[in-house]
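K.L.:
Structure supplied as final.cif; contents: mmCIF, C-alpha atoms.
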data_target
#
loop_
_atom_site.label_atom_id
_atom_site.label_comp_id
_atom_site.auth_asym_id
_atom_site.auth_seq_id
_atom_site.Cartn_x
_atom_site.Cartn_y
_atom_site.Cartn_z
CA MET A 1 0.00 0.00 0.00
CA VAL A 2 1.25 3.48 -0.83
CA SER A 3 1.86 5.41 2.39
CA ALA A 4 -0.02 8.61 3.18
CA ARG A 5 3.23 10.60 2.90
CA ILE A 6 3.98 9.22 -0.55
CA LYS A 7 0.44 10.03 -1.65
CA ILE A 8 0.83 13.57 -0.38
CA ALA A 9 4.11 13.99 -2.23
CA ALA A 10 2.51 12.71 -5.42
CA TRP A 11 -0.26 15.28 -4.97
CA ALA A 12 2.35 18.04 -4.79
CA VAL A 13 4.15 16.76 -7.88
CA LEU A 14 0.92 16.76 -9.85
CA TRP A 15 0.15 20.36 -8.93
CA ILE A 16 3.63 21.34 -10.12
CA LEU A 17 3.09 19.41 -13.36
CA ALA A 18 -0.26 21.13 -13.79
CA GLY A 19 1.45 24.50 -13.76
CA GLY A 20 0.28 25.69 -10.36
CA VAL A 21 -3.04 26.73 -8.93
CA GLY A 22 -5.24 28.76 -11.23
CA LEU A 23 -3.07 28.38 -14.35
CA ALA A 24 -4.64 26.79 -17.41
CA ASN A 25 -2.85 25.43 -20.46
CA ALA A 26 -3.32 27.74 -23.44
CA ASP A 27 -4.63 24.96 -25.70
CA GLU A 28 -7.39 23.70 -23.41
CA PRO A 29 -10.78 25.14 -22.39
CA MET A 30 -10.89 27.65 -19.55
CA ALA A 31 -12.63 26.88 -16.25
CA ALA A 32 -16.08 28.36 -15.72
CA GLU A 33 -16.95 30.92 -13.06
CA PRO A 34 -18.17 29.59 -9.69
CA ARG A 35 -21.89 29.26 -9.20
CA THR A 36 -24.45 27.48 -7.04
CA VAL A 37 -26.81 25.16 -8.92
CA ARG A 38 -30.03 23.60 -7.70
CA VAL A 39 -29.69 19.85 -8.18
CA LEU A 40 -33.10 18.91 -6.75
CA ASP A 41 -35.48 20.40 -4.20
CA ASN A 42 -33.32 21.48 -1.24
CA ILE A 43 -30.11 20.04 -2.73
CA TYR A 44 -27.52 22.48 -4.10
CA THR A 45 -23.99 22.14 -5.46
CA ILE A 46 -21.36 24.87 -5.69
CA VAL A 47 -19.39 24.17 -8.87
CA HIS A 48 -16.36 25.56 -10.69
CA GLY A 49 -14.18 28.52 -9.78
CA ASN A 50 -10.62 29.64 -10.39
CA GLY A 51 -7.73 27.70 -8.93
CA ILE A 52 -8.94 24.70 -6.92
CA ASP A 53 -12.47 24.09 -8.11
CA SER A 54 -13.70 21.17 -6.01
CA ASN A 55 -17.46 20.90 -5.69
CA THR A 56 -19.41 21.31 -2.46
CA THR A 57 -22.96 20.02 -2.05
CA PHE A 58 -25.38 21.00 0.69
CA LEU A 59 -28.78 19.64 1.65
CA VAL A 60 -31.35 21.79 3.46
CA THR A 61 -34.03 20.41 5.79
CA ASP A 62 -36.30 21.71 8.56
CA GLU A 63 -33.99 19.94 11.03
CA GLY A 64 -30.77 21.45 9.73
CA ALA A 65 -28.31 21.20 6.84
CA ILE A 66 -25.74 18.69 5.64
CA VAL A 67 -22.53 19.83 3.90
CA ILE A 68 -20.60 17.44 1.66
CA ASP A 69 -16.98 18.56 1.22
CA THR A 70 -15.87 21.80 2.86
CA ARG A 71 -13.50 23.29 0.25
CA VAL A 72 -9.87 24.33 0.48
CA THR A 73 -9.76 27.07 3.14
CA PRO A 74 -11.87 28.33 6.03
CA GLY A 75 -12.60 31.44 3.96
CA GLU A 76 -14.02 29.31 1.15
CA ALA A 77 -15.98 27.27 3.71
CA ARG A 78 -17.53 30.45 5.08
CA LYS A 79 -18.70 31.25 1.55
CA VAL A 80 -20.44 27.87 1.58
CA LEU A 81 -22.07 28.81 4.86
CA ASP A 82 -23.20 32.09 3.31
CA GLU A 83 -24.84 30.13 0.48
CA ILE A 84 -26.58 27.88 2.99
CA ARG A 85 -27.90 30.93 4.84
CA LYS A 86 -29.68 32.02 1.65
CA HIS A 87 -31.87 28.93 2.06
CA THR A 88 -32.12 28.28 5.80
CA ASP A 89 -31.17 29.65 9.19
CA LYS A 90 -31.03 26.14 10.66
CA PRO A 91 -27.66 24.86 11.90
CA VAL A 92 -25.37 22.63 9.90
CA LYS A 93 -25.95 19.26 11.53
CA TYR A 94 -23.38 17.19 9.67
CA ALA A 95 -20.36 17.69 7.42
CA ILE A 96 -19.16 14.82 5.24
CA ASN A 97 -15.75 14.47 3.57
CA THR A 98 -15.74 12.29 0.46
CA HIS A 99 -11.96 11.78 0.86
CA PHE A 100 -8.95 13.36 2.56
CA HIS A 101 -7.57 15.78 -0.06
CA GLY A 102 -7.27 19.30 1.25
CA ASP A 103 -9.44 20.89 -1.42
CA HIS A 104 -12.30 18.88 0.11
CA THR A 105 -11.37 19.05 3.81
CA PHE A 106 -9.42 22.17 4.78
CA GLY A 107 -12.67 24.02 5.45
CA ASN A 108 -13.67 21.46 8.11
CA GLN A 109 -12.90 23.77 11.03
CA VAL A 110 -15.76 26.07 10.05
CA PHE A 111 -18.15 23.16 10.67
CA ARG A 112 -16.58 21.71 13.81
CA GLU A 113 -19.62 22.76 15.89
CA SER A 114 -21.83 20.42 13.88
CA ALA A 115 -22.89 17.12 15.43
CA ALA A 116 -20.20 15.29 13.46
CA ILE A 117 -17.71 15.52 10.62
CA ILE A 118 -18.03 12.16 8.89
CA ALA A 119 -15.68 10.24 6.58
CA HIS A 120 -14.21 6.84 5.91
CA LYS A 121 -11.70 5.77 8.56
CA ASN A 122 -8.79 5.98 6.09
CA ALA A 123 -9.60 9.63 5.38
CA ARG A 124 -9.30 10.37 9.08
CA SER A 125 -5.93 8.56 9.23
CA ALA A 126 -4.61 10.64 6.32
CA LEU A 127 -5.59 13.89 8.07
CA SER A 128 -4.48 12.98 11.58
CA GLY A 129 -1.23 14.00 13.25
CA SER A 130 1.84 14.46 11.08
CA ASN A 131 0.08 13.19 7.95
CA GLY A 132 -2.41 16.04 8.07
CA LEU A 133 0.26 18.63 8.80
CA ASP A 134 2.41 17.34 5.92
CA HIS A 135 -0.57 17.58 3.60
CA LEU A 136 -1.25 21.16 4.67
CA ASN A 137 2.41 22.15 4.31
CA PHE A 138 2.48 20.86 0.74
CA PHE A 139 -0.64 22.86 -0.06
CA LYS A 140 1.01 25.96 1.37
CA THR A 141 3.74 25.73 -1.27
CA PHE A 142 1.12 26.60 -3.89
CA ASN A 143 0.43 30.04 -2.36
CA ILE A 144 -3.31 29.52 -2.08
CA PRO A 145 -4.76 32.52 -0.23
CA GLY A 146 -6.21 31.63 3.16
CA LEU A 147 -4.24 28.46 3.92
CA ASP A 148 -2.46 30.12 6.86
CA GLU A 149 -5.80 30.08 8.65
CA VAL A 150 -6.25 26.31 8.26
CA LYS A 151 -6.23 24.15 11.36
CA VAL A 152 -6.36 20.61 10.06
CA THR A 153 -9.59 19.16 11.43
CA PRO A 154 -9.93 15.41 10.87
CA PRO A 155 -13.36 13.77 10.78
CA ASN A 156 -14.59 12.78 14.23
CA LEU A 157 -17.06 10.09 13.14
CA VAL A 158 -15.81 7.34 10.85
CA TYR A 159 -17.12 4.17 9.26
CA GLU A 160 -15.57 1.23 7.42
CA ASP A 161 -17.88 -0.18 4.73
CA ARG A 162 -21.27 1.50 4.88
CA MET A 163 -23.12 4.04 7.00
CA GLU A 164 -26.67 5.38 6.84
CA LEU A 165 -27.63 8.91 7.80
CA TYR A 166 -31.13 10.33 8.18
CA LEU A 167 -32.03 13.99 8.43
CA GLY A 168 -35.45 15.41 7.65
CA PRO A 169 -36.70 13.76 4.43
CA PHE A 170 -33.23 12.64 3.37
CA HIS A 171 -31.79 9.16 3.73
CA LEU A 172 -28.10 9.13 2.78
CA GLN A 173 -26.18 5.92 2.25
CA LEU A 174 -22.45 6.47 2.69
CA ILE A 175 -20.63 3.74 0.81
CA HIS A 176 -16.96 2.76 0.66
CA LEU A 177 -16.64 0.69 -2.50
CA GLY A 178 -12.95 -0.09 -2.08
CA ARG A 179 -9.84 1.81 -3.07
CA GLY A 180 -10.21 4.20 -5.98
CA HIS A 181 -9.28 7.88 -6.15
CA THR A 182 -7.81 7.31 -2.66
CA ASP A 183 -8.01 4.44 -0.19
CA GLY A 184 -10.78 6.22 1.72
CA ASP A 185 -13.39 7.37 -0.79
CA THR A 186 -17.02 7.86 0.17
CA ALA A 187 -19.81 7.85 -2.38
CA ILE A 188 -23.17 9.10 -1.12
CA TYR A 189 -26.26 7.45 -2.55
CA ILE A 190 -29.75 8.89 -2.09
CA LYS A 191 -31.80 6.00 -3.43
CA GLU A 192 -35.19 7.70 -3.26
CA LEU A 193 -33.88 10.56 -5.40
CA ARG A 194 -31.79 8.34 -7.69
CA THR A 195 -28.79 10.54 -6.95
CA ILE A 196 -25.11 9.80 -6.32
CA ILE A 197 -22.74 12.38 -4.83
CA ALA A 198 -19.52 10.78 -6.05
CA GLY A 199 -16.70 12.98 -4.79
CA ASP A 200 -13.53 12.61 -6.82
CA LEU A 201 -14.42 9.12 -7.98
CA VAL A 202 -15.94 11.12 -10.85
CA PHE A 203 -14.53 14.17 -12.65
CA ASN A 204 -16.78 15.65 -15.34
CA LYS A 205 -14.91 16.67 -18.50
CA LYS A 206 -11.69 17.07 -16.54
CA ILE A 207 -8.68 14.79 -16.58
CA PRO A 208 -8.76 13.24 -13.10
CA TYR A 209 -6.08 13.33 -10.45
CA VAL A 210 -4.79 9.75 -10.35
CA SER A 211 -1.47 9.95 -8.48
CA SER A 212 -2.86 8.74 -5.13
CA GLY A 213 -5.30 6.37 -6.78
CA TYR A 214 -5.56 2.68 -7.56
CA ILE A 215 -6.63 2.44 -11.18
CA ASP A 216 -7.88 -1.14 -11.38
CA GLU A 217 -9.86 -0.81 -8.16
CA TRP A 218 -11.12 2.63 -9.17
CA ILE A 219 -12.60 1.10 -12.32
CA ASP A 220 -14.24 -1.58 -10.17
CA SER A 221 -15.67 1.07 -7.84
CA LEU A 222 -17.15 2.96 -10.78
CA SER A 223 -18.70 -0.24 -12.10
CA LYS A 224 -20.39 -0.72 -8.73
CA LEU A 225 -21.69 2.85 -8.82
CA GLU A 226 -22.89 2.30 -12.36
CA ASP A 227 -25.01 -0.62 -11.12
CA LEU A 228 -26.90 1.62 -8.68
CA ASP A 229 -30.29 2.96 -9.76
CA ALA A 230 -29.34 6.60 -10.23
CA GLU A 231 -29.92 9.30 -12.81
CA ILE A 232 -28.14 12.28 -11.22
CA ILE A 233 -24.37 12.21 -10.64
CA VAL A 234 -22.68 14.99 -8.66
CA PRO A 235 -18.94 14.79 -9.44
CA GLY A 236 -16.08 16.02 -7.29
CA HIS A 237 -15.06 18.45 -10.05
CA GLY A 238 -17.12 19.76 -12.94
CA ASP A 239 -20.80 20.16 -13.72
CA VAL A 240 -23.53 18.02 -12.25
CA GLY A 241 -24.63 15.44 -14.81
CA ASP A 242 -26.21 12.06 -15.35
CA LYS A 243 -25.03 8.45 -15.57
CA PRO A 244 -23.00 9.00 -18.78
CA ILE A 245 -20.48 11.23 -16.96
CA LEU A 246 -19.72 8.31 -14.64
CA ILE A 247 -19.37 5.99 -17.63
CA ARG A 248 -17.06 8.45 -19.44
CA MET A 249 -14.90 8.64 -16.33
CA LYS A 250 -14.64 4.85 -16.21
CA HIS A 251 -13.79 4.69 -19.90
CA TYR A 252 -10.96 7.22 -19.44
CA LEU A 253 -9.42 5.03 -16.74
CA ILE A 254 -9.91 1.88 -18.82
CA GLU A 255 -8.21 3.51 -21.81
CA LEU A 256 -5.37 4.79 -19.61
CA ARG A 257 -4.88 1.26 -18.30
CA ASN A 258 -5.13 -0.41 -21.70
CA TYR A 259 -2.72 1.93 -23.48
CA VAL A 260 -0.14 1.75 -20.67
CA THR A 261 -0.30 -2.03 -20.27
CA ALA A 262 0.08 -2.43 -24.05
CA GLU A 263 3.34 -0.45 -23.82
CA LEU A 264 4.48 -2.51 -20.85
CA ALA A 265 3.88 -5.66 -22.85
CA LYS A 266 6.28 -4.29 -25.49
CA GLY A 267 8.91 -3.60 -22.84
CA SER A 268 8.62 0.19 -23.25
CA SER A 269 10.30 2.48 -20.75
CA LEU A 270 8.29 5.06 -18.81
CA GLN A 271 9.39 7.82 -21.21
CA GLN A 272 8.55 5.70 -24.25
CA THR A 273 5.16 4.97 -22.71
CA ARG A 274 4.52 8.65 -22.07
CA ASP A 275 5.47 9.54 -25.63
CA ALA A 276 3.21 6.83 -27.07
CA VAL A 277 0.15 7.30 -24.85
CA ARG A 278 0.12 11.06 -24.31
CA PRO A 279 -0.86 12.13 -27.84
CA VAL A 280 -3.61 9.51 -28.03
CA LEU A 281 -5.23 10.60 -24.76
CA ARG A 282 -4.79 14.29 -25.49
CA GLU A 283 -6.59 13.86 -28.80
CA LYS A 284 -9.40 11.72 -27.39
CA TYR A 285 -10.00 14.10 -24.47
CA ARG A 286 -9.06 17.39 -26.11
CA ASP A 287 -12.23 19.09 -24.87
CA TRP A 288 -11.49 18.20 -21.22
CA LEU A 289 -9.68 20.42 -18.72
CA ASN A 290 -6.39 19.47 -17.01
CA LEU A 291 -4.72 17.99 -20.09
CA ASP A 292 -1.34 18.64 -18.46
CA TRP A 293 -2.23 15.99 -15.86
CA ILE A 294 -2.07 13.21 -18.44
CA ASP A 295 1.69 12.63 -18.02
CA ALA A 296 1.30 12.14 -14.25
CA ASN A 297 -1.58 9.74 -14.86
CA ILE A 298 0.51 7.72 -17.31
CA GLU A 299 3.31 7.53 -14.74
CA ARG A 300 0.93 6.36 -12.01
CA ALA A 301 -0.52 3.70 -14.32
CA TYR A 302 2.96 2.61 -15.40
CA LEU A 303 4.07 2.14 -11.79
CA GLU A 304 0.88 0.34 -10.76
CA PHE A 305 0.86 -2.11 -13.64
CA SER A 306 4.60 -2.65 -13.62
CA VAL A 307 4.24 -4.01 -10.09
CA LYS A 308 1.27 -6.16 -11.07
CA LYS A 309 3.16 -7.53 -14.07
CA LYS A 310 5.87 -8.82 -11.73
CA THR A 311 3.46 -10.60 -9.38
#
Write out the structure in this file as structure tokens.
P.N.:
Amino acid sequence: MVSARIKIAAWAVLWILAGGVGLANADEPMAAEPRTVRVLDNIYTIVHGNGIDSNTTFLVTDEGAIVIDTRVTPGEARKVLDEIRKHTDKPVKYAINTHFHGDHTFGNQVFRESAAIIAHKNARSALSGSNGLDHLNFFKTFNIPGLDEVKVTPPNLVYEDRMELYLGPFHLQLIHLGRGHTDGDTAIYIKELRTIIAGDLVFNKKIPYVSSGYIDEWIDSLSKLEDLDAEIIVPGHGDVGDKPILIRMKHYLIELRNYVTAELAKGSSLQQTRDAVRPVLREKYRDWLNLDWIDANIERAYLEFSVKKKT
């Protein structure tokens, strides 16, 4: 298993490869402006934005609100709270982290007065003690405004395989499908509304961050999500969509795996594999954001499947 510190270092490397926070490659589409969209009655998602553009979803009930992913800084988290206040004056009862990455968790402290901050147990481990401080220190190297205010706040209620949460009319199933984007991903399924809040298991029209992921198991996790009766998919990054965005995400990972393993079968080096696979993926996904992340994804796939080839 890749250690939390190695995963954190890989995260930093990817941000450097991507050209830094808020910088887009000249030959790819530009990110959209941030906005809050109504997904369903009393369910809203804040999407897009410059720099780190991770999505935040909140649910509003007569008993209080639920926040899913708290954004990258306390200042950004307070903007989420401001959005919630446009719809209710009830307290935030629960915050949920879909995984440990700082763009989804460094706003946790704003919601520490809620009844619980919930995540998979591995997400808590990655944010606890020195692991959490290392993760924050790496984020600070990217000069994101507001990080100096962050006090890493790990989840205080964890689960292992599945957890069910009820508030007002909502019944949330928190599901850990196995390793994927990280080793502690949570997908949230609202069966009655045929809705999945997928976190970073799904990126919509954006090359995903793969460097702390497990590609084979990620594909398996997406297949399990695909089997759920759902029409609405809320990704971790990008616009809210329907089942095809989940399928497109799975196909990207399958193609990444297939192209890289084909090069491994030829005995290609990492550089040869990059040079062979990069142009194919860039052409196939030319209308996606984060094209500069493809090289890091190829490297991650090369390392993963090189090890599997030897076993």
K.L.:
Between CA of Gly199 (chain A) and CA of Thr186 (chain A), what is the spacing in Å?
P.N.:
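Calculated distance between CA of Thr186 (chain A) and CA of Gly199 (chain A) is 7.1 Å.
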K.L.:
Quick one: everything within 6 Å of Thr182 (chain A), counting only C-alpha atoms, minus sequence neighbours fewer than 3 positions away in the same chain. Send it as a ChimeraX atom specification.
P.N.:
/A:179,185,212-213
K.L.:
Atoms to include: C-alpha atoms. Write the selected residues as a short mmCIF file (atom, residue, chain, number, x, y, z; two decimals), in the frame of the given file.
P.N.:
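Heads up, here's the output in part.cif:
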data_model
loop_
_atom_site.label_atom_id
_atom_site.label_comp_id
_atom_site.auth_asym_id
_atom_site.auth_seq_id
_atom_site.Cartn_x
_atom_site.Cartn_y
_atom_site.Cartn_z
CA ARG A 179 -9.84 1.81 -3.07
CA ASP A 185 -13.39 7.37 -0.79
CA SER A 212 -2.86 8.74 -5.13
CA GLY A 213 -5.30 6.37 -6.78
#
K.L.:
If we count only C-alpha atoms, what is near Asn108 (chain A) at a cut-off of 8 Å, once residues fewer than 6 positions away on the same chain are taken out, given as a list in words?
P.N.:
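Contacts, in chain order: Thr70, Pro74, Ala77, Ala95, Ile117, Val152, Thr153 and Pro154 of chain A.
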K.L.:
With all atoms listed in the file as the atoms that count, which of A:Asn290, A:Ser211, A:Thr61, A:Thr45 lies nearest to Gly168 (chain A)?
P.N.:
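Of all the options, A:Thr61 lies closest to Gly168 (chain A).
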K.L.:
Find the residues near His104 (chain A): any atom within 8 Å, counting only C-alpha atoms, skip ones fewer than 2 places away on the same chain, and give them as a PDB file with C-alpha atoms, keeping the file's coordinate frame.
P.N.:
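In the end it all went to selection_32.pdb:
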ATOM      1  CA  SER A  54     -13.700  21.170  -6.010  1.00  0.00           C
ATOM      2  CA  THR A  56     -19.410  21.310  -2.460  1.00  0.00           C
ATOM      3  CA  ASP A  69     -16.980  18.560   1.220  1.00  0.00           C
ATOM      4  CA  THR A  70     -15.870  21.800   2.860  1.00  0.00           C
ATOM      5  CA  ARG A  71     -13.500  23.290   0.250  1.00  0.00           C
ATOM      6  CA  VAL A  72      -9.870  24.330   0.480  1.00  0.00           C
ATOM      7  CA  ASN A  97     -15.750  14.470   3.570  1.00  0.00           C
ATOM      8  CA  THR A  98     -15.740  12.290   0.460  1.00  0.00           C
ATOM      9  CA  HIS A  99     -11.960  11.780   0.860  1.00  0.00           C
ATOM     10  CA  PHE A 100      -8.950  13.360   2.560  1.00  0.00           C
ATOM     11  CA  HIS A 101      -7.570  15.780  -0.060  1.00  0.00           C
ATOM     12  CA  GLY A 102      -7.270  19.300   1.250  1.00  0.00           C
ATOM     13  CA  PHE A 106      -9.420  22.170   4.780  1.00  0.00           C
ATOM     14  CA  GLY A 107     -12.670  24.020   5.450  1.00  0.00           C
TER      15      GLY A 107
END
K.L.:
For the structure shown, which residues end up in the PyMOL selection byres ((chain A and resi 198) around 7)? Put them as a list in words, please?
P.N.:
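Evaluating the PyMOL selection byres ((chain A and resi 198) around 7) on this file yields Ala187, Ile188, Ile196, Ile197, Gly199, Asp200, Leu201, Val202, Ile233, Val234, Pro235 and Gly236 of chain A.
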K.L.:
Keeping only C-alpha atoms, take the residues you just selected and write them out as a PDB file, keeping the file's coordinate frame.
P.N.:
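The result, stored in result-v3.pdb:
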ATOM      1  CA  ALA A 187     -19.810   7.850  -2.380  1.00  0.00           C
ATOM      2  CA  ILE A 188     -23.170   9.100  -1.120  1.00  0.00           C
ATOM      3  CA  ILE A 196     -25.110   9.800  -6.320  1.00  0.00           C
ATOM      4  CA  ILE A 197     -22.740  12.380  -4.830  1.00  0.00           C
ATOM      5  CA  GLY A 199     -16.700  12.980  -4.790  1.00  0.00           C
ATOM      6  CA  ASP A 200     -13.530  12.610  -6.820  1.00  0.00           C
ATOM      7  CA  LEU A 201     -14.420   9.120  -7.980  1.00  0.00           C
ATOM      8  CA  VAL A 202     -15.940  11.120 -10.850  1.00  0.00           C
ATOM      9  CA  ILE A 233     -24.370  12.210 -10.640  1.00  0.00           C
ATOM     10  CA  VAL A 234     -22.680  14.990  -8.660  1.00  0.00           C
ATOM     11  CA  PRO A 235     -18.940  14.790  -9.440  1.00  0.00           C
ATOM     12  CA  GLY A 236     -16.080  16.020  -7.290  1.00  0.00           C
TER      13      GLY A 236
END
K.L.:
Within 7 Å of Ile190 (chain A), counting only C-alpha atoms, which residues qualify if same-chain residues fewer than 2 places away don't, as a PyMOL selection string?
P.N.:
chain A and resi 171-173+188+192-196
K.L.:
Run the PyMOL selection byres ((chain A and resi 294) around 12) on the file and write out the hits as an mmCIF file with C-alpha atoms, in the frame of the given file.
P.N.:
data_model
loop_
_atom_site.group_PDB
_atom_site.id
_atom_site.type_symbol
_atom_site.label_atom_id
_atom_site.label_comp_id
_atom_site.auth_asym_id
_atom_site.auth_seq_id
_atom_site.Cartn_x
_atom_site.Cartn_y
_atom_site.Cartn_z
ATOM 1 C CA LEU A 14 0.920 16.760 -9.850
ATOM 2 C CA LEU A 17 3.090 19.410 -13.360
ATOM 3 C CA ALA A 18 -0.260 21.130 -13.790
ATOM 4 C CA LYS A 206 -11.690 17.070 -16.540
ATOM 5 C CA ILE A 207 -8.680 14.790 -16.580
ATOM 6 C CA PRO A 208 -8.760 13.240 -13.100
ATOM 7 C CA TYR A 209 -6.080 13.330 -10.450
ATOM 8 C CA VAL A 210 -4.790 9.750 -10.350
ATOM 9 C CA SER A 211 -1.470 9.950 -8.480
ATOM 10 C CA TYR A 252 -10.960 7.220 -19.440
ATOM 11 C CA LEU A 253 -9.420 5.030 -16.740
ATOM 12 C CA GLU A 255 -8.210 3.510 -21.810
ATOM 13 C CA LEU A 256 -5.370 4.790 -19.610
ATOM 14 C CA VAL A 260 -0.140 1.750 -20.670
ATOM 15 C CA THR A 273 5.160 4.970 -22.710
ATOM 16 C CA ARG A 274 4.520 8.650 -22.070
ATOM 17 C CA ASP A 275 5.470 9.540 -25.630
ATOM 18 C CA ALA A 276 3.210 6.830 -27.070
ATOM 19 C CA VAL A 277 0.150 7.300 -24.850
ATOM 20 C CA ARG A 278 0.120 11.060 -24.310
ATOM 21 C CA PRO A 279 -0.860 12.130 -27.840
ATOM 22 C CA VAL A 280 -3.610 9.510 -28.030
ATOM 23 C CA LEU A 281 -5.230 10.600 -24.760
ATOM 24 C CA ARG A 282 -4.790 14.290 -25.490
ATOM 25 C CA GLU A 283 -6.590 13.860 -28.800
ATOM 26 C CA LYS A 284 -9.400 11.720 -27.390
ATOM 27 C CA TYR A 285 -10.000 14.100 -24.470
ATOM 28 C CA ARG A 286 -9.060 17.390 -26.110
ATOM 29 C CA TRP A 288 -11.490 18.200 -21.220
ATOM 30 C CA LEU A 289 -9.680 20.420 -18.720
ATOM 31 C CA ASN A 290 -6.390 19.470 -17.010
ATOM 32 C CA LEU A 291 -4.720 17.990 -20.090
ATOM 33 C CA ASP A 292 -1.340 18.640 -18.460
ATOM 34 C CA TRP A 293 -2.230 15.990 -15.860
ATOM 35 C CA ASP A 295 1.690 12.630 -18.020
ATOM 36 C CA ALA A 296 1.300 12.140 -14.250
ATOM 37 C CA ASN A 297 -1.580 9.740 -14.860
ATOM 38 C CA ILE A 298 0.510 7.720 -17.310
ATOM 39 C CA GLU A 299 3.310 7.530 -14.740
ATOM 40 C CA ARG A 300 0.930 6.360 -12.010
ATOM 41 C CA ALA A 301 -0.520 3.700 -14.320
#
K.L.:
Could you tell me which residues the PyMOL selection byres ((chain A and resi 124-137) around 12) grabs in this file, written as a PDB file with C-alpha atoms, in the coordinates of the input?
P.N.:
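Output below, filename result16.pdb:
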ATOM      1  CA  VAL A   2       1.250   3.480  -0.830  1.00  0.00           C
ATOM      2  CA  SER A   3       1.860   5.410   2.390  1.00  0.00           C
ATOM      3  CA  ALA A   4      -0.020   8.610   3.180  1.00  0.00           C
ATOM      4  CA  ARG A   5       3.230  10.600   2.900  1.00  0.00           C
ATOM      5  CA  ILE A   6       3.980   9.220  -0.550  1.00  0.00           C
ATOM      6  CA  LYS A   7       0.440  10.030  -1.650  1.00  0.00           C
ATOM      7  CA  ILE A   8       0.830  13.570  -0.380  1.00  0.00           C
ATOM      8  CA  ALA A   9       4.110  13.990  -2.230  1.00  0.00           C
ATOM      9  CA  ALA A  10       2.510  12.710  -5.420  1.00  0.00           C
ATOM     10  CA  TRP A  11      -0.260  15.280  -4.970  1.00  0.00           C
ATOM     11  CA  ALA A  12       2.350  18.040  -4.790  1.00  0.00           C
ATOM     12  CA  VAL A  72      -9.870  24.330   0.480  1.00  0.00           C
ATOM     13  CA  THR A  73      -9.760  27.070   3.140  1.00  0.00           C
ATOM     14  CA  ILE A  96     -19.160  14.820   5.240  1.00  0.00           C
ATOM     15  CA  ASN A  97     -15.750  14.470   3.570  1.00  0.00           C
ATOM     16  CA  THR A  98     -15.740  12.290   0.460  1.00  0.00           C
ATOM     17  CA  HIS A  99     -11.960  11.780   0.860  1.00  0.00           C
ATOM     18  CA  PHE A 100      -8.950  13.360   2.560  1.00  0.00           C
ATOM     19  CA  HIS A 101      -7.570  15.780  -0.060  1.00  0.00           C
ATOM     20  CA  GLY A 102      -7.270  19.300   1.250  1.00  0.00           C
ATOM     21  CA  ASP A 103      -9.440  20.890  -1.420  1.00  0.00           C
ATOM     22  CA  HIS A 104     -12.300  18.880   0.110  1.00  0.00           C
ATOM     23  CA  THR A 105     -11.370  19.050   3.810  1.00  0.00           C
ATOM     24  CA  PHE A 106      -9.420  22.170   4.780  1.00  0.00           C
ATOM     25  CA  GLY A 107     -12.670  24.020   5.450  1.00  0.00           C
ATOM     26  CA  ASN A 108     -13.670  21.460   8.110  1.00  0.00           C
ATOM     27  CA  ILE A 117     -17.710  15.520  10.620  1.00  0.00           C
ATOM     28  CA  ILE A 118     -18.030  12.160   8.890  1.00  0.00           C
ATOM     29  CA  ALA A 119     -15.680  10.240   6.580  1.00  0.00           C
ATOM     30  CA  HIS A 120     -14.210   6.840   5.910  1.00  0.00           C
ATOM     31  CA  LYS A 121     -11.700   5.770   8.560  1.00  0.00           C
ATOM     32  CA  ASN A 122      -8.790   5.980   6.090  1.00  0.00           C
ATOM     33  CA  ALA A 123      -9.600   9.630   5.380  1.00  0.00           C
ATOM     34  CA  PHE A 138       2.480  20.860   0.740  1.00  0.00           C
ATOM     35  CA  PHE A 139      -0.640  22.860  -0.060  1.00  0.00           C
ATOM     36  CA  LYS A 140       1.010  25.960   1.370  1.00  0.00           C
ATOM     37  CA  THR A 141       3.740  25.730  -1.270  1.00  0.00           C
ATOM     38  CA  PHE A 142       1.120  26.600  -3.890  1.00  0.00           C
ATOM     39  CA  ASN A 143       0.430  30.040  -2.360  1.00  0.00           C
ATOM     40  CA  ILE A 144      -3.310  29.520  -2.080  1.00  0.00           C
ATOM     41  CA  GLY A 146      -6.210  31.630   3.160  1.00  0.00           C
ATOM     42  CA  LEU A 147      -4.240  28.460   3.920  1.00  0.00           C
ATOM     43  CA  ASP A 148      -2.460  30.120   6.860  1.00  0.00           C
ATOM     44  CA  GLU A 149      -5.800  30.080   8.650  1.00  0.00           C
ATOM     45  CA  VAL A 150      -6.250  26.310   8.260  1.00  0.00           C
ATOM     46  CA  LYS A 151      -6.230  24.150  11.360  1.00  0.00           C
ATOM     47  CA  VAL A 152      -6.360  20.610  10.060  1.00  0.00           C
ATOM     48  CA  THR A 153      -9.590  19.160  11.430  1.00  0.00           C
ATOM     49  CA  PRO A 154      -9.930  15.410  10.870  1.00  0.00           C
ATOM     50  CA  PRO A 155     -13.360  13.770  10.780  1.00  0.00           C
ATOM     51  CA  ASN A 156     -14.590  12.780  14.230  1.00  0.00           C
ATOM     52  CA  LEU A 157     -17.060  10.090  13.140  1.00  0.00           C
ATOM     53  CA  VAL A 158     -15.810   7.340  10.850  1.00  0.00           C
ATOM     54  CA  TYR A 159     -17.120   4.170   9.260  1.00  0.00           C
ATOM     55  CA  GLU A 160     -15.570   1.230   7.420  1.00  0.00           C
ATOM     56  CA  THR A 182      -7.810   7.310  -2.660  1.00  0.00           C
ATOM     57  CA  ASP A 183      -8.010   4.440  -0.190  1.00  0.00           C
ATOM     58  CA  GLY A 184     -10.780   6.220   1.720  1.00  0.00           C
ATOM     59  CA  ASP A 185     -13.390   7.370  -0.790  1.00  0.00           C
ATOM     60  CA  SER A 212      -2.860   8.740  -5.130  1.00  0.00           C
TER      61      SER A 212
END
K.L.:
Using only C-alpha atoms, pick whichever of A:Arg162, A:Glu226, A:Phe305, A:Ile245 has the shortest atom-to-atom distance to Ala262 (chain A).
P.N.:
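For Ala262 (chain A), the nearest of the given residues is A:Phe305.
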